[in-house]
file model23.txt (compact mmCIF, C-alpha atoms)
# COMPACT_ATOMS: atom_id res chain seq x y z
CA MET A 1378 0.00 0.00 0.00
CA ALA A 1379 1.50 3.41 -0.97
CA ARG A 1380 2.10 5.71 1.99
CA PRO A 1381 -0.59 8.44 2.16
CA GLN A 1382 0.88 11.79 1.16
CA THR A 1383 -1.29 14.27 3.04
CA ASP A 1384 -3.37 14.46 6.20
CA HIS A 1385 -6.46 14.23 4.05
CA GLU A 1386 -5.21 11.06 2.38
CA ALA A 1387 -4.10 9.61 5.70
CA THR A 1388 -7.57 10.13 7.18
CA ALA A 1389 -9.27 8.69 4.09
CA GLU A 1390 -7.01 5.62 4.37
CA LEU A 1391 -7.87 5.29 8.07
CA LEU A 1392 -11.58 5.34 7.22
CA LEU A 1393 -11.16 2.76 4.45
CA ALA A 1394 -9.04 0.53 6.69
CA THR A 1395 -11.84 0.77 9.27
CA ALA A 1396 -14.39 -0.23 6.62
CA GLU A 1397 -12.16 -3.18 5.76
CA GLN A 1398 -11.99 -4.22 9.39
CA LEU A 1399 -15.79 -4.04 9.75
CA ILE A 1400 -16.23 -6.20 6.62
CA ARG A 1401 -13.68 -8.70 7.93
CA GLU A 1402 -15.65 -8.95 11.17
CA ARG A 1403 -19.18 -8.98 9.80
CA GLY A 1404 -19.03 -10.24 6.24
CA PRO A 1405 -20.42 -8.74 3.04
CA VAL A 1406 -22.41 -5.80 4.44
CA SER A 1407 -21.30 -2.30 3.42
CA PRO A 1408 -20.58 -0.42 6.65
CA SER A 1409 -22.58 2.77 7.13
CA VAL A 1410 -20.98 6.15 7.68
CA THR A 1411 -22.27 6.08 11.27
CA GLU A 1412 -20.61 2.73 11.93
CA ILE A 1413 -17.30 3.88 10.49
CA ALA A 1414 -17.45 7.12 12.48
CA ASN A 1415 -18.11 5.21 15.70
CA ALA A 1416 -15.34 2.68 15.02
CA CYS A 1417 -12.81 5.49 14.38
CA GLY A 1418 -14.00 7.80 17.16
CA MET A 1419 -14.69 10.52 14.57
CA SER A 1420 -17.80 12.65 14.19
CA GLN A 1421 -20.25 11.63 11.46
CA SER A 1422 -20.03 15.08 9.88
CA ASN A 1423 -16.27 14.67 9.62
CA VAL A 1424 -16.61 11.28 7.90
CA TYR A 1425 -19.19 12.78 5.51
CA ARG A 1426 -16.55 15.31 4.39
CA PHE A 1427 -14.61 12.34 3.00
CA PHE A 1428 -17.44 10.12 1.83
CA PRO A 1429 -20.74 11.94 1.36
CA ASN A 1430 -22.60 8.62 0.91
CA LYS A 1431 -22.20 4.85 0.84
CA GLU A 1432 -21.62 4.87 -2.91
CA ALA A 1433 -18.67 7.26 -2.58
CA LEU A 1434 -17.30 5.06 0.19
CA PHE A 1435 -17.57 1.96 -1.99
CA GLU A 1436 -15.91 3.71 -4.93
CA ALA A 1437 -12.95 4.63 -2.74
CA PHE A 1438 -12.90 1.13 -1.29
CA ALA A 1439 -12.79 -0.37 -4.80
CA GLU A 1440 -10.07 2.09 -5.86
CA ARG A 1441 -8.00 0.91 -2.88
CA TRP A 1442 -8.63 -2.77 -3.78
CA PHE A 1443 -7.63 -2.33 -7.43
CA ARG A 1444 -4.75 0.18 -6.94
CA GLU A 1445 -1.95 -2.38 -6.77
CA LEU A 1446 -3.46 -4.45 -9.60
CA ASN A 1447 -3.77 -1.41 -11.84
CA GLU A 1448 -0.19 -0.35 -11.15
CA MET A 1449 0.97 -3.82 -12.15
CA MET A 1450 -0.93 -3.66 -15.44
CA GLU A 1451 0.43 -0.20 -16.17
CA ASN A 1452 4.02 -1.24 -15.45
CA VAL A 1453 3.72 -4.33 -17.64
CA VAL A 1454 2.20 -2.37 -20.53
CA GLU A 1455 4.94 0.29 -20.31
CA SER A 1456 7.78 -2.23 -20.00
CA ASP A 1457 9.96 -3.17 -22.97
CA LEU A 1458 9.19 -6.88 -22.70
CA PRO A 1459 8.13 -8.68 -25.88
CA PRO A 1460 4.32 -9.00 -26.20
CA ARG A 1461 4.19 -12.68 -25.25
CA GLU A 1462 6.04 -12.05 -22.00
CA LYS A 1463 3.92 -8.95 -21.41
CA LEU A 1464 0.71 -10.94 -21.68
CA TYR A 1465 2.12 -13.57 -19.33
CA GLN A 1466 3.17 -10.96 -16.76
CA PHE A 1467 -0.15 -9.13 -17.21
CA PHE A 1468 -2.01 -12.19 -15.96
CA ALA A 1469 0.65 -13.75 -13.71
CA GLN A 1470 1.36 -10.77 -11.48
CA ARG A 1471 -2.28 -10.07 -10.72
CA PHE A 1472 -3.03 -13.78 -10.33
CA VAL A 1473 -0.35 -14.07 -7.63
CA VAL A 1474 -1.72 -11.04 -5.75
CA LYS A 1475 -5.36 -12.14 -5.96
CA ARG A 1476 -4.46 -15.65 -4.88
CA ALA A 1477 -2.46 -14.31 -1.89
CA ARG A 1478 -5.38 -12.10 -0.88
CA TYR A 1479 -7.74 -15.05 -1.10
CA GLU A 1480 -5.45 -17.28 0.96
CA GLU A 1481 -4.88 -14.63 3.61
CA ASP A 1482 -8.62 -14.51 4.46
CA PRO A 1483 -11.02 -16.41 2.14
CA ASP A 1484 -14.13 -15.08 3.91
CA TYR A 1485 -13.05 -11.45 3.56
CA PHE A 1486 -12.07 -12.08 -0.05
CA PHE A 1487 -15.52 -13.43 -0.90
CA ALA A 1488 -17.20 -10.68 1.11
CA CYS A 1489 -15.44 -8.21 -1.20
CA MET A 1490 -16.59 -10.22 -4.25
CA ALA A 1491 -20.19 -10.08 -2.96
CA LEU A 1492 -19.97 -6.32 -2.38
CA GLY A 1493 -18.55 -6.00 -5.89
CA ASP A 1494 -21.61 -7.81 -7.27
CA GLU A 1495 -23.80 -5.24 -5.53
CA HIS A 1496 -21.87 -2.40 -7.19
CA ARG A 1497 -21.43 -3.98 -10.60
CA ASP A 1498 -20.98 -0.66 -12.46
CA VAL A 1499 -18.02 0.33 -10.28
CA VAL A 1500 -16.32 -3.03 -10.72
CA MET A 1501 -17.03 -3.08 -14.47
CA SER A 1502 -15.05 0.13 -14.93
CA TYR A 1503 -11.98 -1.75 -13.61
CA VAL A 1504 -12.74 -4.76 -15.81
CA ASP A 1505 -12.98 -2.39 -18.79
CA LEU A 1506 -9.65 -0.84 -17.83
CA ALA A 1507 -8.02 -4.29 -17.73
CA ASP A 1508 -9.51 -5.06 -21.16
CA HIS A 1509 -8.09 -1.78 -22.44
CA TYR A 1510 -4.60 -2.69 -21.21
CA MET A 1511 -4.92 -6.18 -22.66
CA ALA A 1512 -5.98 -4.72 -26.01
CA THR A 1513 -2.84 -2.54 -25.96
CA ILE A 1514 -0.65 -5.62 -25.50
CA LEU A 1515 -2.53 -7.52 -28.21
CA ALA A 1516 -2.13 -4.61 -30.64
CA GLU A 1517 1.64 -4.76 -30.10
CA ALA A 1518 1.60 -8.51 -30.57
CA ILE A 1519 -0.31 -8.20 -33.85
CA SER A 1520 2.07 -5.57 -35.15
CA ASP A 1521 4.92 -7.98 -34.26
CA GLY A 1522 3.29 -10.59 -36.52
CA GLU A 1523 1.68 -12.67 -33.75
CA PHE A 1524 -1.90 -14.03 -34.04
CA PRO A 1525 -1.85 -14.00 -37.86
CA GLY A 1526 -5.11 -12.92 -39.45
CA MET A 1527 -6.74 -11.99 -36.13
CA THR A 1528 -8.10 -8.62 -34.97
CA ILE A 1529 -7.94 -7.31 -31.41
CA ASP A 1530 -11.72 -7.69 -31.09
CA GLY A 1531 -11.55 -11.24 -32.37
CA LEU A 1532 -8.89 -12.12 -29.79
CA MET A 1533 -10.42 -10.60 -26.66
CA SER A 1534 -13.13 -13.10 -25.92
CA PRO A 1535 -11.28 -16.35 -26.73
CA ILE A 1536 -8.33 -15.19 -24.60
CA ASN A 1537 -10.50 -14.08 -21.68
CA LEU A 1538 -12.43 -17.38 -21.86
CA MET A 1539 -9.35 -19.58 -22.11
CA LEU A 1540 -7.64 -17.84 -19.19
CA ALA A 1541 -10.73 -17.58 -16.95
CA PRO A 1542 -9.32 -19.70 -14.09
CA PHE A 1543 -6.27 -17.38 -13.98
CA CYS A 1544 -8.21 -14.17 -14.19
CA ASP A 1545 -11.62 -14.51 -12.58
CA PRO A 1546 -11.09 -14.11 -8.82
CA LYS A 1547 -14.25 -16.09 -8.00
CA LEU A 1548 -12.76 -19.20 -9.60
CA ILE A 1549 -9.70 -19.24 -7.30
CA PRO A 1550 -10.95 -21.86 -4.82
CA GLN A 1551 -12.25 -24.20 -7.50
CA TYR A 1552 -9.03 -24.19 -9.53
CA GLU A 1553 -6.65 -23.78 -6.60
CA HIS A 1554 -4.67 -26.92 -7.44
CA SER A 1555 -4.63 -26.87 -11.23
CA ALA A 1556 -4.36 -23.12 -11.93
CA THR A 1557 -0.62 -22.83 -11.32
CA ILE A 1558 1.88 -20.32 -12.66
CA GLU A 1559 3.37 -23.15 -14.77
CA ASN A 1560 -0.02 -23.87 -16.34
CA LEU A 1561 -0.52 -20.15 -16.98
CA ARG A 1562 2.80 -20.13 -18.88
CA ILE A 1563 1.58 -23.10 -20.93
CA ALA A 1564 -1.76 -21.40 -21.56
CA ILE A 1565 -0.16 -18.14 -22.75
CA ASN A 1566 2.27 -20.01 -25.01
CA THR A 1567 -0.57 -22.12 -26.38
CA LEU A 1568 -2.53 -18.98 -27.21
CA PHE A 1569 0.47 -17.36 -28.92
CA ASN A 1570 1.40 -20.54 -30.79
CA GLY A 1571 -2.11 -21.57 -31.76
CA LEU A 1572 -4.56 -18.66 -31.88
CA SER A 1573 -4.65 -17.43 -35.46
CA ALA A 1574 -7.14 -17.10 -38.30
CA LYS A 1575 -6.59 -20.84 -38.78
CA SER A 1576 -8.22 -21.45 -35.39
CA VAL A 1577 -11.38 -19.66 -36.41
CA GLU A 1578 -11.92 -21.93 -39.41
CA LYS A 1579 -14.11 -24.96 -39.21
CA PRO A 1580 -12.25 -28.16 -39.97
CA GLU A 1581 -12.15 -29.44 -43.53
CA ALA A 1582 -14.98 -31.93 -44.15
CA ALA A 1583 -14.05 -34.45 -41.52
CA GLY A 1584 -16.21 -37.56 -41.52
CA THR A 1585 -19.87 -37.03 -40.75
CA PRO A 1586 -20.11 -34.48 -37.94
CA LEU A 1587 -22.38 -35.63 -35.14
CA LYS A 1588 -25.46 -33.60 -34.49
CA LEU A 1589 -25.34 -31.24 -31.54
CA ALA A 1590 -27.75 -32.49 -28.89
CA SER A 1591 -30.59 -34.79 -29.84
CA MET B 329 -34.60 -39.94 -21.80
CA ALA B 330 -34.55 -43.67 -22.76
CA ARG B 331 -37.88 -45.45 -22.30
CA PRO B 332 -37.81 -47.68 -19.20
CA GLN B 333 -37.68 -51.36 -20.17
CA THR B 334 -39.37 -53.11 -17.25
CA ASP B 335 -41.96 -52.43 -14.57
CA HIS B 336 -39.13 -52.14 -12.07
CA GLU B 337 -37.36 -49.55 -14.19
CA ALA B 338 -40.61 -47.69 -14.83
CA THR B 339 -41.32 -47.45 -11.10
CA ALA B 340 -37.74 -46.33 -10.34
CA GLU B 341 -38.11 -43.64 -13.02
CA LEU B 342 -41.42 -42.52 -11.48
CA LEU B 343 -39.75 -42.19 -8.07
CA LEU B 344 -36.81 -40.23 -9.51
CA ALA B 345 -39.15 -37.96 -11.48
CA THR B 346 -41.00 -37.34 -8.22
CA ALA B 347 -37.70 -36.48 -6.50
CA GLU B 348 -36.98 -34.07 -9.36
CA GLN B 349 -40.38 -32.44 -8.94
CA LEU B 350 -39.85 -32.00 -5.19
CA ILE B 351 -36.43 -30.40 -5.80
CA ARG B 352 -37.93 -28.10 -8.43
CA GLU B 353 -40.54 -26.99 -5.92
CA ARG B 354 -38.40 -26.70 -2.81
CA GLY B 355 -34.82 -26.13 -3.90
CA PRO B 356 -31.64 -27.96 -2.97
CA VAL B 357 -32.93 -30.29 -0.24
CA SER B 358 -32.71 -34.04 -0.88
CA PRO B 359 -36.26 -35.41 -0.57
CA SER B 360 -36.69 -38.15 2.02
CA VAL B 361 -38.08 -41.57 1.19
CA THR B 362 -41.22 -40.66 3.16
CA GLU B 363 -41.78 -37.53 1.11
CA ILE B 364 -41.35 -39.37 -2.15
CA ALA B 365 -43.68 -42.15 -1.02
CA ASN B 366 -46.34 -39.60 -0.06
CA ALA B 367 -45.99 -37.67 -3.29
CA CYS B 368 -46.36 -40.89 -5.36
CA GLY B 369 -49.07 -42.46 -3.22
CA MET B 370 -46.82 -45.49 -2.61
CA SER B 371 -46.01 -47.18 0.67
CA GLN B 372 -42.68 -46.32 2.27
CA SER B 373 -41.70 -49.98 2.35
CA ASN B 374 -42.29 -50.18 -1.38
CA VAL B 375 -40.08 -47.14 -2.01
CA TYR B 376 -37.39 -48.65 0.23
CA ARG B 377 -37.28 -51.68 -2.08
CA PHE B 378 -36.00 -49.33 -4.78
CA PHE B 379 -33.88 -46.97 -2.71
CA PRO B 380 -32.91 -48.34 0.71
CA ASN B 381 -31.56 -44.93 1.81
CA LYS B 382 -31.04 -41.33 0.73
CA GLU B 383 -27.58 -42.11 -0.60
CA ALA B 384 -28.93 -44.81 -2.93
CA LEU B 385 -31.60 -42.36 -4.07
CA PHE B 386 -29.01 -39.70 -4.83
CA GLU B 387 -26.82 -42.16 -6.71
CA ALA B 388 -29.75 -43.10 -8.94
CA PHE B 389 -30.66 -39.44 -9.33
CA ALA B 390 -27.10 -38.61 -10.42
CA GLU B 391 -27.06 -41.59 -12.81
CA ARG B 392 -30.26 -40.21 -14.39
CA TRP B 393 -28.71 -36.70 -14.64
CA PHE B 394 -25.52 -37.94 -16.28
CA ARG B 395 -27.01 -40.70 -18.49
CA GLU B 396 -27.48 -38.57 -21.60
CA LEU B 397 -24.11 -36.85 -21.12
CA ASN B 398 -22.30 -40.17 -20.73
CA GLU B 399 -23.97 -41.59 -23.84
CA MET B 400 -22.79 -38.55 -25.79
CA MET B 401 -19.21 -39.03 -24.62
CA GLU B 402 -19.33 -42.73 -25.45
CA ASN B 403 -20.71 -42.11 -28.93
CA VAL B 404 -18.10 -39.47 -29.66
CA VAL B 405 -15.24 -41.65 -28.46
CA GLU B 406 -16.48 -44.61 -30.55
CA SER B 407 -17.09 -42.52 -33.67
CA ASP B 408 -14.61 -42.44 -36.54
CA LEU B 409 -14.17 -38.67 -36.43
CA PRO B 410 -10.61 -37.35 -36.42
CA PRO B 411 -9.34 -36.55 -32.89
CA ARG B 412 -9.70 -32.78 -33.24
CA GLU B 413 -13.36 -33.08 -34.22
CA LYS B 414 -13.86 -35.68 -31.48
CA LEU B 415 -12.55 -33.33 -28.83
CA TYR B 416 -14.77 -30.56 -30.17
CA GLN B 417 -17.87 -32.77 -30.16
CA PHE B 418 -16.91 -34.16 -26.75
CA PHE B 419 -17.23 -30.69 -25.25
CA ALA B 420 -19.79 -29.14 -27.61
CA GLN B 421 -22.53 -31.74 -27.29
CA ARG B 422 -22.49 -31.76 -23.51
CA PHE B 423 -22.16 -27.97 -23.38
CA VAL B 424 -25.36 -27.59 -25.44
CA VAL B 425 -27.27 -29.99 -23.18
CA LYS B 426 -26.04 -28.44 -19.93
CA ARG B 427 -26.79 -24.97 -21.21
CA ALA B 428 -30.33 -26.00 -22.26
CA ARG B 429 -30.94 -27.55 -18.83
CA TYR B 430 -29.73 -24.38 -17.15
CA GLU B 431 -31.94 -22.17 -19.32
CA GLU B 432 -35.00 -24.36 -18.84
CA ASP B 433 -34.94 -23.79 -15.05
CA PRO B 434 -31.88 -22.01 -13.57
CA ASP B 435 -33.03 -22.55 -9.98
CA TYR B 436 -33.48 -26.28 -10.43
CA PHE B 437 -30.14 -26.47 -12.24
CA PHE B 438 -28.32 -24.81 -9.35
CA ALA B 439 -30.26 -26.88 -6.82
CA CYS B 440 -28.80 -29.96 -8.55
CA MET B 441 -25.32 -28.38 -8.43
CA ALA B 442 -25.73 -27.77 -4.69
CA LEU B 443 -26.88 -31.36 -4.10
CA GLY B 444 -23.87 -32.50 -6.14
CA ASP B 445 -21.58 -30.55 -3.81
CA GLU B 446 -23.10 -32.43 -0.89
CA HIS B 447 -22.37 -35.76 -2.58
CA ARG B 448 -18.98 -34.92 -3.99
CA ASP B 449 -17.77 -38.53 -4.20
CA VAL B 450 -20.70 -39.54 -6.41
CA VAL B 451 -20.19 -36.59 -8.75
CA MET B 452 -16.43 -37.11 -8.86
CA SER B 453 -16.91 -40.60 -10.27
CA TYR B 454 -18.63 -38.99 -13.29
CA VAL B 455 -15.90 -36.34 -13.56
CA ASP B 456 -13.31 -39.14 -13.52
CA LEU B 457 -15.24 -40.96 -16.24
CA ALA B 458 -15.23 -37.82 -18.41
CA ASP B 459 -11.47 -37.48 -17.83
CA HIS B 460 -11.05 -41.11 -18.87
CA TYR B 461 -12.93 -40.50 -22.13
CA MET B 462 -10.96 -37.32 -22.76
CA ALA B 463 -7.69 -39.19 -22.17
CA THR B 464 -8.80 -41.75 -24.77
CA ILE B 465 -9.33 -38.99 -27.35
CA LEU B 466 -6.00 -37.37 -26.47
CA ALA B 467 -4.17 -40.69 -26.83
CA GLU B 468 -5.57 -41.01 -30.36
CA ALA B 469 -4.57 -37.42 -31.10
CA ILE B 470 -1.02 -38.04 -29.90
CA SER B 471 -0.69 -41.19 -31.99
CA ASP B 472 -1.87 -39.10 -34.97
CA GLY B 473 1.05 -36.74 -34.34
CA GLU B 474 -0.94 -33.98 -32.62
CA PHE B 475 0.38 -32.19 -29.49
CA PRO B 476 4.04 -32.92 -30.33
CA GLY B 477 6.19 -33.78 -27.34
CA MET B 478 3.25 -33.85 -24.90
CA THR B 479 1.98 -36.71 -22.75
CA ILE B 480 -1.67 -37.36 -21.91
CA ASP B 481 -1.03 -36.39 -18.28
CA GLY B 482 0.68 -33.20 -19.38
CA LEU B 483 -2.30 -32.26 -21.53
CA MET B 484 -5.17 -32.96 -19.13
CA SER B 485 -4.88 -30.00 -16.81
CA PRO B 486 -4.08 -27.25 -19.37
CA ILE B 487 -6.99 -28.42 -21.53
CA ASN B 488 -9.44 -28.65 -18.64
CA LEU B 489 -8.33 -25.21 -17.43
CA MET B 490 -8.50 -23.55 -20.84
CA LEU B 491 -11.97 -24.96 -21.54
CA ALA B 492 -13.43 -24.37 -18.06
CA PRO B 493 -16.21 -21.99 -19.19
CA PHE B 494 -17.38 -24.66 -21.69
CA CYS B 495 -17.17 -27.55 -19.28
CA ASP B 496 -17.86 -26.44 -15.74
CA PRO B 497 -21.67 -26.21 -15.37
CA LYS B 498 -21.41 -23.69 -12.54
CA LEU B 499 -19.78 -21.16 -14.87
CA ILE B 500 -22.71 -21.15 -17.33
CA PRO B 501 -24.42 -17.98 -16.09
CA GLN B 502 -21.19 -16.00 -15.82
CA TYR B 503 -20.00 -16.85 -19.34
CA GLU B 504 -23.43 -17.06 -20.94
CA HIS B 505 -22.65 -14.43 -23.58
CA SER B 506 -19.02 -15.17 -24.40
CA ALA B 507 -18.96 -18.98 -24.14
CA THR B 508 -20.46 -19.68 -27.54
CA ILE B 509 -20.14 -22.73 -29.76
CA GLU B 510 -18.06 -20.58 -32.14
CA ASN B 511 -15.64 -19.68 -29.35
CA LEU B 512 -15.45 -23.34 -28.34
CA ARG B 513 -14.42 -24.19 -31.93
CA ILE B 514 -11.73 -21.49 -31.73
CA ALA B 515 -10.57 -22.78 -28.34
CA ILE B 516 -10.29 -26.39 -29.52
CA ASN B 517 -8.43 -25.35 -32.67
CA THR B 518 -6.12 -23.12 -30.62
CA LEU B 519 -5.31 -26.05 -28.34
CA PHE B 520 -4.61 -28.37 -31.28
CA ASN B 521 -2.59 -25.75 -33.16
CA GLY B 522 -0.67 -24.42 -30.18
CA LEU B 523 -0.39 -26.90 -27.32
CA SER B 524 2.91 -28.73 -27.77
CA ALA B 525 6.16 -29.22 -25.90
CA LYS B 526 7.03 -25.74 -27.22
CA SER B 527 4.26 -24.30 -25.07
CA VAL B 528 5.72 -25.77 -21.92
CA GLU B 529 9.07 -24.05 -22.44
CA LYS B 530 9.82 -20.73 -20.84
CA PRO B 531 10.55 -18.03 -23.38
CA GLU B 532 14.13 -17.44 -24.46
CA ALA B 533 15.78 -14.73 -22.29
CA ALA B 534 13.41 -11.92 -23.10
CA GLY B 535 14.38 -8.58 -21.60
CA THR B 536 14.44 -8.47 -17.81
CA PRO B 537 11.43 -10.40 -16.55
CA LEU B 538 9.45 -8.46 -13.99
CA LYS B 539 9.28 -9.92 -10.55
CA LEU B 540 6.06 -11.70 -9.62
CA ALA B 541 4.31 -9.65 -6.96
CA SER B 542 6.29 -7.30 -4.77
call {"tool": "encode", "arguments": {"input": "model23.txt", "output": "structure tokens"}}
result
Amino acid sequence: MARPQTDHEATAELLLATAEQLIRERGPVSPSVTEIANACGMSQSNVYRFFPNKEALFEAFAERWFRELNEMMENVVESDLPPREKLYQFFAQRFVVKRARYEEDPDYFFACMALGDEHRDVVMSYVDLADHYMATILAEAISDGEFPGMTIDGLMSPINLMLAPFCDPKLIPQYEHSATIENLRIAINTLFNGLSAKSVEKPEAAGTPLKLAS
Amino acid sequence: MARPQTDHEATAELLLATAEQLIRERGPVSPSVTEIANACGMSQSNVYRFFPNKEALFEAFAERWFRELNEMMENVVESDLPPREKLYQFFAQRFVVKRARYEEDPDYFFACMALGDEHRDVVMSYVDLADHYMATILAEAISDGEFPGMTIDGLMSPINLMLAPFCDPKLIPQYEHSATIENLRIAINTLFNGLSAKSVEKPEAAGTPLKLAS
């Protein structure tokens, strides 16, 4: 966590840390301004100066949750690594952090996921940001001759689908044993080696295809 | 659903259909033998002849749930399709059925998932069977020269991970829009085109790799 730079930032961080503590204790219920004020020994009107309503509090809470992850994405995108290594680092670094957060306190982790579901628009802006960074890496890869015949749009959804267990925080418990850093490396290499216009084609007439469902 | 062949089978099917109806009405609670007997107008002792306990009832219920899916896997494995098309059909056919079951009644679908979690050993035997069929297809693929340098064991977990949204029934709602049959075709082709011993290798020294997490 970056050190707060001003008194204002330090107080905001204290309030958000208090919100975190309340969620850790009570589960996925957004703390009210009154509860945070009481827990910090501050007046309600003082807390309102920082967070005029629950929505503003959640937005700041989400910003705090995603800060480290966003910095990682930014650093990877700005690095001079080749695109394949960039895409690996893009997923690997965040995967390691999310996994560590989950392991540190699974209940708190899933409380945050549940609160995120209640504020889907806030969370989606971070998902969109991640997609934007990924698109930047894919554009570089394409201009390096990777993914022949593919467009950025055509790549986004197969890649997000095929890396879901490494990317979707809710899948962490279910894929705890198989979603390893080694398998992520294999997955990224498989995508770079195999995802091209050739992959979009149906196979050449190959025996009688079975009917889908009966 | 195959037509029951004998009176015994017909009665068992009636009892299981009654269990299904009770779960549809009440959610993820295994019906007791008494409840099923009452709902069918049969004596408890008669029901016990079919299902001596709740566990036996669940096993039969799971067998009924998986019957169609297992037949699909069997037919695909026994077909003379080339391995790539087999692997596609292996996932596609079951995906279409699971998706249709989910859409028909999402609450009932997730009630069945929840009951499956309570009887993990029963469900795992079907997961193991699916893995066995998949291994059979992969063995054929390898002997056809696909997946160069890879072993069946080395392929299982990357493939299961990279196809999770097409395979894991619990992920259906979350990936409802992006997990399409077209994207499954792309995913299967990407795996066949790109998953080889080359994918397991780390990249050649590629700039300074960033550290994982800080």
call {"tool": "residues_around", "arguments": {"input": "model23.txt", "residues": "A:Leu1434", "least_positions_apart": "6", "cutoff": "10 Å", "atoms": "all atoms listed in the file", "output": "MDAnalysis selection string"}}
result
chainID A and resid 1389 1392:1393 1396 1407:1410 1424:1425 1427:1428 1440
call {"tool": "residues_around", "arguments": {"input": "model23.txt", "residues": "A:Glu1553", "least_positions_apart": "6", "cutoff": "12 Å", "atoms": "all atoms listed in the file", "output": "number ranges by chain"}}
result
A: 1472-1473, 1475-1477, 1479-1480, 1542-1543, 1546-1547, 1560; B: 489
call {"tool": "write_last_selection", "arguments": {"input": "model23.txt", "atoms": "C-alpha atoms", "output": "PDB file, keeping the file's coordinate frame"}}
result
ATOM      1  CA  PHE A1472      -3.030 -13.780 -10.330  1.00  0.00           C
ATOM      2  CA  VAL A1473      -0.350 -14.070  -7.630  1.00  0.00           C
ATOM      3  CA  LYS A1475      -5.360 -12.140  -5.960  1.00  0.00           C
ATOM      4  CA  ARG A1476      -4.460 -15.650  -4.880  1.00  0.00           C
ATOM      5  CA  ALA A1477      -2.460 -14.310  -1.890  1.00  0.00           C
ATOM      6  CA  TYR A1479      -7.740 -15.050  -1.100  1.00  0.00           C
ATOM      7  CA  GLU A1480      -5.450 -17.280   0.960  1.00  0.00           C
ATOM      8  CA  PRO A1542      -9.320 -19.700 -14.090  1.00  0.00           C
ATOM      9  CA  PHE A1543      -6.270 -17.380 -13.980  1.00  0.00           C
ATOM     10  CA  PRO A1546     -11.090 -14.110  -8.820  1.00  0.00           C
ATOM     11  CA  LYS A1547     -14.250 -16.090  -8.000  1.00  0.00           C
ATOM     12  CA  ASN A1560      -0.020 -23.870 -16.340  1.00  0.00           C
TER      13      ASN A1560
ATOM     14  CA  LEU B 489      -8.330 -25.210 -17.430  1.00  0.00           C
TER      15      LEU B 489
END
call {"tool": "closest_residue", "arguments": {"input": "model23.txt", "among": "B:Asp435, B:Asp445, B:Asp408, B:Glu468", "to": "chain A", "atoms": "only C-alpha atoms"}}
result
B:Asp408
call {"tool": "interface_residues", "arguments": {"input": "model23.txt", "of": "chain B", "to": "chain A", "cutoff": "7 Å", "atoms": "only C-alpha atoms", "output": "ChimeraX atom specification"}}
result
/B:409-410,421,424-425,485-486,489-491,493,506,511,514-515,517-519,521-523,527-528,534-535,540-541
call {"tool": "axis_aligned_box", "arguments": {"input": "model23.txt", "around": "stretch 1445-1459 of chain A", "padding_each_side": "6 Å", "output": "lines of an AutoDock Vina configuration file"}}
result
center_x = 3.1
center_y = -4.2
center_z = -16.3
size_x = 25.7
size_y = 21.0
size_z = 31.1
call {"tool": "residues_around", "arguments": {"input": "model23.txt", "residues": "B:Leu342", "least_positions_apart": "5", "cutoff": "10 Å", "atoms": "all atoms listed in the file", "output": "PyMOL selection string"}}
result
chain B and resi 332+336-337+347-348+364+368
call {"tool": "atom_distance", "arguments": {"input": "model23.txt", "atom1": "atom CA of B:Asp449", "atom2": "atom CA of A:Met1490"}}
result
28.3 Å
call {"tool": "residues_around", "arguments": {"input": "model23.txt", "residues": "A:Tyr1510", "least_positions_apart": "2", "cutoff": "8 Å", "atoms": "all atoms listed in the file", "output": "VMD selection string"}}
result
chain A and resid 1450 to 1451 1454 1506 to 1508 1512 to 1514
call {"tool": "closest_residue", "arguments": {"input": "model23.txt", "among": "B:Leu415, B:Ala367, B:Pro380, B:Arg392", "to": "B:Glu341", "atoms": "all atoms listed in the file"}}
result
B:Arg392
call {"tool": "atom_distance", "arguments": {"input": "model23.txt", "atom1": "atom CA of B:Ala384", "atom2": "atom CA of B:Ala439"}}
result
18.4 Å
call {"tool": "residues_around", "arguments": {"input": "model23.txt", "residues": "A:Glu1495", "least_positions_apart": "6", "cutoff": "12 Å", "atoms": "all atoms listed in the file", "output": "JSON, numbers by chain"}}
result
{"A": [1405, 1406, 1407, 1432, 1435, 1436, 1488, 1489, 1501]}
